[in-house]
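S.K.: My structure file query37.txt, compact mmCIF, N, CA and C atoms, is below:
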```
# COMPACT_ATOMS: atom_id res chain seq x y z
N MET A 3 -15.94 1.22 22.02
CA MET A 3 -16.19 -0.17 21.70
C MET A 3 -15.97 -1.04 22.95
N ALA A 4 -16.77 -2.06 23.09
CA ALA A 4 -16.68 -2.94 24.26
C ALA A 4 -15.41 -3.79 24.21
N LYS A 5 -15.02 -4.25 25.39
CA LYS A 5 -13.87 -5.14 25.46
C LYS A 5 -14.22 -6.48 24.83
N LEU A 6 -13.22 -7.15 24.29
CA LEU A 6 -13.42 -8.47 23.70
C LEU A 6 -12.89 -9.52 24.67
N LYS A 7 -13.56 -10.65 24.70
CA LYS A 7 -13.09 -11.74 25.55
C LYS A 7 -12.01 -12.52 24.80
N THR A 8 -10.97 -12.89 25.54
CA THR A 8 -9.90 -13.72 24.99
C THR A 8 -10.32 -15.18 25.07
N HIS A 9 -10.05 -15.93 24.02
CA HIS A 9 -10.35 -17.36 23.98
C HIS A 9 -9.37 -18.08 24.89
N SER A 10 -9.89 -18.72 25.94
CA SER A 10 -9.05 -19.27 27.01
C SER A 10 -8.08 -20.34 26.51
N ALA A 11 -8.54 -21.22 25.64
CA ALA A 11 -7.65 -22.28 25.15
C ALA A 11 -6.54 -21.70 24.28
N SER A 12 -6.86 -20.66 23.52
CA SER A 12 -5.88 -20.07 22.62
C SER A 12 -4.79 -19.32 23.37
N LYS A 13 -5.14 -18.66 24.45
CA LYS A 13 -4.13 -17.90 25.19
C LYS A 13 -3.10 -18.81 25.84
N LYS A 14 -3.47 -20.08 26.05
CA LYS A 14 -2.53 -21.04 26.62
C LYS A 14 -1.62 -21.65 25.56
N ARG A 15 -2.01 -21.59 24.30
CA ARG A 15 -1.30 -22.30 23.24
C ARG A 15 -0.49 -21.41 22.31
N PHE A 16 -0.84 -20.14 22.21
CA PHE A 16 -0.21 -19.27 21.22
C PHE A 16 0.41 -18.05 21.86
N ARG A 17 1.50 -17.56 21.23
CA ARG A 17 2.12 -16.30 21.60
C ARG A 17 2.35 -15.52 20.31
N VAL A 18 2.26 -14.20 20.40
CA VAL A 18 2.52 -13.35 19.23
C VAL A 18 3.91 -12.77 19.39
N THR A 19 4.75 -12.93 18.35
CA THR A 19 6.10 -12.39 18.40
C THR A 19 6.07 -10.90 18.11
N ALA A 20 7.21 -10.25 18.27
CA ALA A 20 7.30 -8.81 18.03
C ALA A 20 7.03 -8.46 16.57
N SER A 21 7.34 -9.39 15.66
CA SER A 21 7.10 -9.14 14.24
C SER A 21 5.68 -9.50 13.82
N GLY A 22 4.87 -10.05 14.76
CA GLY A 22 3.48 -10.35 14.47
C GLY A 22 3.20 -11.79 14.09
N LYS A 23 4.23 -12.65 14.09
CA LYS A 23 4.00 -14.06 13.79
C LYS A 23 3.39 -14.74 15.01
N ILE A 24 2.72 -15.86 14.76
CA ILE A 24 2.10 -16.64 15.83
C ILE A 24 3.01 -17.82 16.16
N LYS A 25 3.50 -17.85 17.39
CA LYS A 25 4.39 -18.91 17.83
C LYS A 25 3.59 -19.94 18.60
N MET A 26 3.91 -21.23 18.41
CA MET A 26 3.16 -22.29 19.07
C MET A 26 4.04 -23.53 19.21
N GLY A 27 3.60 -24.45 20.04
CA GLY A 27 4.30 -25.71 20.19
C GLY A 27 3.80 -26.73 19.19
N HIS A 28 4.57 -27.79 19.03
CA HIS A 28 4.18 -28.85 18.10
C HIS A 28 3.21 -29.82 18.76
N ALA A 29 2.42 -30.46 17.94
CA ALA A 29 1.54 -31.54 18.40
C ALA A 29 2.31 -32.87 18.35
N PHE A 30 1.70 -33.93 18.83
CA PHE A 30 2.23 -35.30 18.77
C PHE A 30 3.48 -35.48 19.63
N ARG A 31 3.53 -34.84 20.81
CA ARG A 31 4.69 -34.97 21.67
C ARG A 31 4.33 -35.47 23.06
N ARG A 32 3.09 -35.91 23.29
CA ARG A 32 2.65 -36.22 24.64
C ARG A 32 2.78 -37.70 25.01
N HIS A 33 2.37 -38.57 24.13
CA HIS A 33 2.34 -40.00 24.48
C HIS A 33 2.56 -40.82 23.23
N ARG A 34 2.71 -42.13 23.41
CA ARG A 34 3.00 -43.08 22.33
C ARG A 34 4.25 -42.68 21.57
N LEU A 35 5.28 -42.31 22.31
CA LEU A 35 6.51 -41.82 21.68
C LEU A 35 7.41 -42.96 21.20
N ILE A 36 7.16 -44.19 21.67
CA ILE A 36 7.98 -45.31 21.24
C ILE A 36 7.80 -45.59 19.75
N SER A 37 6.58 -45.41 19.26
CA SER A 37 6.31 -45.72 17.86
C SER A 37 6.74 -44.61 16.90
N LYS A 38 7.19 -43.48 17.43
CA LYS A 38 7.61 -42.38 16.57
C LYS A 38 9.12 -42.44 16.38
N THR A 39 9.59 -41.97 15.24
CA THR A 39 11.02 -42.00 14.96
C THR A 39 11.74 -40.95 15.79
N LYS A 40 13.03 -41.16 15.98
CA LYS A 40 13.83 -40.20 16.74
C LYS A 40 13.82 -38.84 16.03
N ARG A 41 13.87 -38.87 14.72
CA ARG A 41 13.86 -37.62 13.96
C ARG A 41 12.56 -36.84 14.17
N ALA A 42 11.45 -37.54 14.19
CA ALA A 42 10.16 -36.88 14.39
C ALA A 42 10.10 -36.23 15.77
N LYS A 43 10.59 -36.94 16.78
CA LYS A 43 10.57 -36.40 18.14
C LYS A 43 11.50 -35.20 18.27
N THR A 44 12.66 -35.27 17.61
CA THR A 44 13.61 -34.16 17.66
C THR A 44 13.06 -32.93 16.95
N ASP A 45 12.47 -33.12 15.79
CA ASP A 45 11.92 -32.00 15.03
C ASP A 45 10.77 -31.33 15.76
N ASN A 46 10.00 -32.10 16.53
CA ASN A 46 8.86 -31.54 17.24
C ASN A 46 9.26 -30.73 18.47
N ARG A 47 10.52 -30.78 18.87
CA ARG A 47 10.98 -29.98 20.00
C ARG A 47 11.01 -28.50 19.66
N ALA A 48 11.31 -28.21 18.41
CA ALA A 48 11.49 -26.83 17.98
C ALA A 48 10.17 -26.07 18.00
N THR A 49 10.27 -24.75 18.08
CA THR A 49 9.09 -23.91 18.06
C THR A 49 8.48 -23.92 16.67
N ALA A 50 7.17 -23.95 16.61
CA ALA A 50 6.47 -23.91 15.33
C ALA A 50 5.81 -22.54 15.17
N PHE A 51 5.57 -22.16 13.95
CA PHE A 51 4.86 -20.93 13.65
C PHE A 51 3.61 -21.25 12.86
N ALA A 52 2.51 -20.58 13.18
CA ALA A 52 1.26 -20.81 12.47
C ALA A 52 1.40 -20.33 11.02
N SER A 53 0.66 -20.95 10.13
CA SER A 53 0.72 -20.55 8.73
C SER A 53 0.12 -19.16 8.54
N ASP A 54 0.49 -18.52 7.45
CA ASP A 54 -0.02 -17.18 7.16
C ASP A 54 -1.54 -17.18 6.99
N ALA A 55 -2.09 -18.30 6.55
CA ALA A 55 -3.54 -18.39 6.36
C ALA A 55 -4.27 -18.47 7.70
N ASP A 56 -3.66 -19.11 8.71
CA ASP A 56 -4.31 -19.28 10.01
C ASP A 56 -4.07 -18.11 10.96
N ALA A 57 -3.04 -17.31 10.71
CA ALA A 57 -2.66 -16.25 11.63
C ALA A 57 -3.78 -15.25 11.92
N PRO A 58 -4.51 -14.73 10.93
CA PRO A 58 -5.57 -13.77 11.25
C PRO A 58 -6.66 -14.34 12.16
N THR A 59 -7.00 -15.60 11.98
CA THR A 59 -8.01 -16.24 12.82
C THR A 59 -7.53 -16.34 14.26
N ILE A 60 -6.28 -16.73 14.45
CA ILE A 60 -5.73 -16.87 15.80
C ILE A 60 -5.62 -15.50 16.47
N LYS A 61 -5.26 -14.49 15.72
CA LYS A 61 -5.13 -13.14 16.29
C LYS A 61 -6.47 -12.60 16.77
N LYS A 62 -7.56 -13.02 16.14
CA LYS A 62 -8.89 -12.61 16.61
C LYS A 62 -9.23 -13.27 17.94
N LEU A 63 -8.70 -14.49 18.16
CA LEU A 63 -8.98 -15.21 19.39
C LEU A 63 -8.20 -14.65 20.59
N ILE A 64 -7.04 -14.04 20.30
CA ILE A 64 -6.22 -13.47 21.38
C ILE A 64 -5.96 -11.99 21.08
N PRO A 65 -6.98 -11.15 21.22
CA PRO A 65 -6.87 -9.76 20.78
C PRO A 65 -5.88 -8.91 21.57
N TYR A 66 -5.62 -9.22 22.83
CA TYR A 66 -4.79 -8.34 23.65
C TYR A 66 -3.40 -8.89 23.93
N LYS A 67 -2.97 -9.91 23.20
CA LYS A 67 -1.64 -10.48 23.42
C LYS A 67 -0.70 -10.01 22.35
```
Taking this structure as input, can you express it in the form of structure tokens?
M.R.:
Amino acid sequence: MAKLKTHSASKKRFRVTASGKIKMGHAFRRHRLISKTKRAKTDNRATAFASDADAPTIKKLIPYK
């Protein structure tokens, strides 16, 4: 079977953990932070995991990671 191309944007945004979960950063952390609550900014620091419904789609985009 031929090699598959990795989706360039996805390889920069997602990592696969040893257990197979998809690890990613939170959105809404780049700009306009004054209007966001302190709690929202603090919660967005933590690592996020993709939902179980989205995980198979993301894994197809990054086949060799």
S.K.: Could you tell me, as a VMD selection string, which residues of chain A DSSP assigns to alpha helix (DSSP H) when given the backbone?
M.R.: chain A and resid 10 to 15 40 to 45 57 to 63
S.K.: So, counting only C-alpha atoms, which residue among A:Ala4, A:Leu63, A:Ala29, A:Ala55 is closest to Lys43 (chain A)?
M.R.: A:Ala29
S.K.: Record the distance separating atom N of Thr49 (chain A) and atom N of Ser37 (chain A), expressed in Å with one decimal.
M.R.: 21.0 Å
S.K.: Work out how far apart atom N of Ser21 (chain A) and CA of Asn46 (chain A) are and give it in Å to one decimal.
M.R.: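 Those two atoms sit 22.3 Å apart.
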S.K.: Can you measure CA of Thr44 (chain A) to atom N of Lys14 (chain A) for me? One decimal in Å is fine.
M.R.: 23.7 Å
S.K.: Which of chain A counts as strand (DSSP E) under DSSP, as a list in words please?
M.R.: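 Written out, the strand (DSSP E) residues of chain A are Phe16, Arg17, Val18, Ile24, Lys25, Met26, Ala50 and Phe51 of chain A.
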S.K.: Taking only C-alpha atoms into account, which of A:Lys25, A:Lys67, A:Ser10, A:Val18 comes nearest Phe51 (chain A)?
M.R.: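 Smallest distance to Phe51 (chain A) is found for A:Lys25.
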S.K.: Compile the contact shell of Ala50 (chain A) as JSON, numbers by chain: residues with an atom at most 8 Å away, counting all atoms listed in the file, same-chain residues fewer than 5 positions apart removed.
M.R.: {"A": [24, 25, 26, 27, 28]}
